[in-house]
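For reference, the structure is listed below as structure tokens.
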Amino acid sequence: MPLRDVPLTLTAAQLPPEAGRLIREADARIERFQTECRVPAFVPCDYETAFAVLHAISEGALARGRRFCEWGSGFGVVVGLAALLEFDACGIEIEGSLVEEARKLADDFDLPVEFVQGSFVPRGAEDRVYSAGTYSWLTTEGDYAYDDLELDVSDLDVVFAYPWPDEEAVVCDLFERYAGVGALLATYHGGVEFRLKRKVSGKKRRR
């Protein structure tokens with residue numbers, strides 16, 4: 001099977017000061033943003049646990065490289081946390097107001113990250129996405145994000161996503177189809193539940 005579950009052991013380590021400051025400031029900005037400008041598809045994840053997940057990936061030498069991308073990067077907090085762990089981090093987000101806020105947050109913390117507005121669905125995968133059904137928020141519009149980043153999905157070593165329940169299967173399918181062998185997919189599923197998968201072969205699933 002091209003995707004294999006990767007066991008992930010999280011330690012109860014103290015959050016580094018710079019990561020704590022980033023999360024606290026982001027939480028305050030997100031609260032203010034959601035009061036002033038509602039984006040229904042945006043739901044923050046558990047950032048402290050996300051940092052623990054990224055730290056485990058980094059310290060455990062689980063990743064084949066340091067290139068990190070968040071699919072649906074929202075306020076850019078997870079991308080910023082990845083940068084603090086010395087990943088070469090970027091994010092793709094369809095909602096322009098969130099991209100703007102993510103860039104402001106990153107600039108204020110002097111984080112070496114990049115955000116682009118667009119869909120994380122690779123160009124050419126539109127039929128593959130919609131043949132699997134319809135989705136609450138997932139869109140293929142603006143599928144030029146990888147051109148702006150000057151990257152292919154296969155270049156990414158770690159992909160992070162917080163999929164809605166009806167998007168989970170297609171997110172895994174896109175990663176399985178387009179990611180490079182050895183790449184990791186980390187997904188958040190509410191509460192403190194994170195899952196980690198590795199692409200272990202280049203073979204496509206039989207339909």
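Chain lettering (A, B, ...) mirrors the order of the structure tokens, residue numbering begins at 1 for each chain separately, and ligand numbering begins at 1 in order of display.
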Gly191 (chain A): which residues within 10 Å, counting only C-alpha atoms, same-chain residues fewer than 5 positions away excluded, as a PyMOL selection string? chain A and resi 45-46+49
Grab the residues selected above and save them as a CSV table (one decimal), in the first residue's frame with N, CA and C atoms.
chain,number,residue,atom,x,y,z
A,45,CYS,N,-6.3,24.8,14.8
A,45,CYS,CA,-6.0,23.5,15.3
A,45,CYS,C,-5.4,23.6,16.7
A,46,ASP,N,-5.0,22.6,17.3
A,46,ASP,CA,-4.3,22.6,18.6
A,46,ASP,C,-2.8,22.9,18.3
A,49,THR,N,0.1,21.0,20.4
A,49,THR,CA,0.3,19.6,20.1
A,49,THR,C,0.9,19.6,18.7
Just the residues within 8 Å of region 107-112 of chain A, please, counting only C-alpha atoms, with nothing from its chain fewer than 6 positions along; format it as a ChimeraX atom specification. /A:22,80,83-84,88-89
For the selection you just gave me, I'd like the residues written to a file as a short mmCIF file (atom, residue, chain, number, x, y, z; two decimals), in the first residue's frame, keeping C-alpha atoms.
data_model
loop_
_atom_site.label_atom_id
_atom_site.label_comp_id
_atom_site.auth_asym_id
_atom_site.auth_seq_id
_atom_site.Cartn_x
_atom_site.Cartn_y
_atom_site.Cartn_z
CA LEU A 22 3.99 32.88 18.63
CA GLY A 80 5.65 29.44 11.62
CA ALA A 83 10.15 27.43 10.65
CA LEU A 84 11.15 27.63 14.32
CA ASP A 88 12.02 25.32 4.99
CA ALA A 89 8.36 26.19 5.46
#
Every residue of region 17-206 of chain A that DSSP places in strand (DSSP E), as a VMD selection string: chain A and resid 67 to 71 88 to 93 114 to 117 158 to 161 184 to 188 194 to 199
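Using only C-alpha atoms, the smallest distance between any of A:Gly91, A:Pro44, A:Gly124, A:Gly190 and Leu149 (chain A) comes from A:Gly91.
Among A:Val121, A:Val158, A:Val153, A:Ala169, the residue with the shortest atom-to-atom distance to Leu196 (chain A), counting only C-alpha atoms, is A:Val158.
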Among region 17-75 of chain A, which residues carry a DSSP assignment of helix (DSSP H, G or I), reported as a count of residues only? 33
Nearest to Phe175 (chain A), chosen from A:Asp155, A:Glu193, A:Glu86, A:Asp147, with only C-alpha atoms counted in the distances: A:Asp155
Taking 4 positions as the minimum chain separation for residues in the same chain, which residues sit within 8 Å of Leu81 (chain A) when counting only C-alpha atoms? Answer as a compact mmCIF listing (two decimals) with N, CA and C atoms, in the first residue's frame.
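Final output, saved to out.txt:
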# COMPACT_ATOMS: atom_id res chain seq x y z
N ALA A 19 8.18 29.65 20.60
CA ALA A 19 6.97 29.00 20.12
C ALA A 19 5.77 29.41 20.95
N LEU A 22 4.68 32.91 19.92
CA LEU A 22 3.99 32.88 18.63
C LEU A 22 2.56 32.39 18.79
N PHE A 51 3.00 21.60 17.45
CA PHE A 51 4.44 21.80 17.62
C PHE A 51 5.10 20.52 18.11
N VAL A 77 0.14 29.66 11.51
CA VAL A 77 0.79 29.36 12.79
C VAL A 77 1.63 28.09 12.70
N LEU A 85 11.47 25.26 13.94
CA LEU A 85 12.17 23.98 14.00
C LEU A 85 13.11 23.79 12.81
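Residues in contact with Ala161 (chain A) at up to 8 Å, not including ones fewer than 3 positions away on its chain and judged by only C-alpha atoms, are A:Glu70, A:Trp71, A:Gly72, A:Ser73, A:Leu185, A:Ala186, A:Thr187, A:Tyr188.
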Since we have the selection now, will you write its residues out, keeping N, CA and C atoms, as an mmCIF file, in the first residue's frame?
data_model
loop_
_atom_site.group_PDB
_atom_site.id
_atom_site.type_symbol
_atom_site.label_atom_id
_atom_site.label_comp_id
_atom_site.auth_asym_id
_atom_site.auth_seq_id
_atom_site.Cartn_x
_atom_site.Cartn_y
_atom_site.Cartn_z
ATOM 1 N N GLU A 70 2.092 23.493 4.462
ATOM 2 C CA GLU A 70 0.769 23.255 5.031
ATOM 3 C C GLU A 70 -0.281 23.485 3.960
ATOM 4 N N TRP A 71 -1.135 22.506 3.760
ATOM 5 C CA TRP A 71 -2.254 22.608 2.826
ATOM 6 C C TRP A 71 -3.437 23.216 3.570
ATOM 7 N N GLY A 72 -3.775 24.445 3.245
ATOM 8 C CA GLY A 72 -4.819 25.163 3.973
ATOM 9 C C GLY A 72 -4.211 25.779 5.212
ATOM 10 N N SER A 73 -3.350 26.789 5.022
ATOM 11 C CA SER A 73 -2.484 27.242 6.105
ATOM 12 C C SER A 73 -3.099 28.279 7.035
ATOM 13 N N LEU A 185 2.882 12.770 5.510
ATOM 14 C CA LEU A 185 1.642 13.524 5.597
ATOM 15 C C LEU A 185 1.187 13.509 7.051
ATOM 16 N N ALA A 186 1.164 14.677 7.680
ATOM 17 C CA ALA A 186 0.667 14.823 9.048
ATOM 18 C C ALA A 186 -0.697 15.491 8.990
ATOM 19 N N THR A 187 -1.698 14.902 9.627
ATOM 20 C CA THR A 187 -3.045 15.463 9.598
ATOM 21 C C THR A 187 -3.594 15.594 11.008
ATOM 22 N N TYR A 188 -4.390 16.641 11.198
ATOM 23 C CA TYR A 188 -5.033 16.907 12.486
ATOM 24 C C TYR A 188 -6.508 16.558 12.359
#
Of the listed residues A:Arg66, A:His55, A:Arg38, A:Lys199, that which approaches Gly180 (chain A) most closely, counting only C-alpha atoms: A:Lys199
Restricting the calculation to only C-alpha atoms, which member of A:Pro163, A:Gly20, A:Gly76, A:Pro7 is positioned closest to Leu105 (chain A)? A:Gly76
Considering only C-alpha atoms, can you say which of A:Ile92, A:Ala102, A:Cys172, A:Val192 comes closest to Leu10 (chain A)? A:Val192
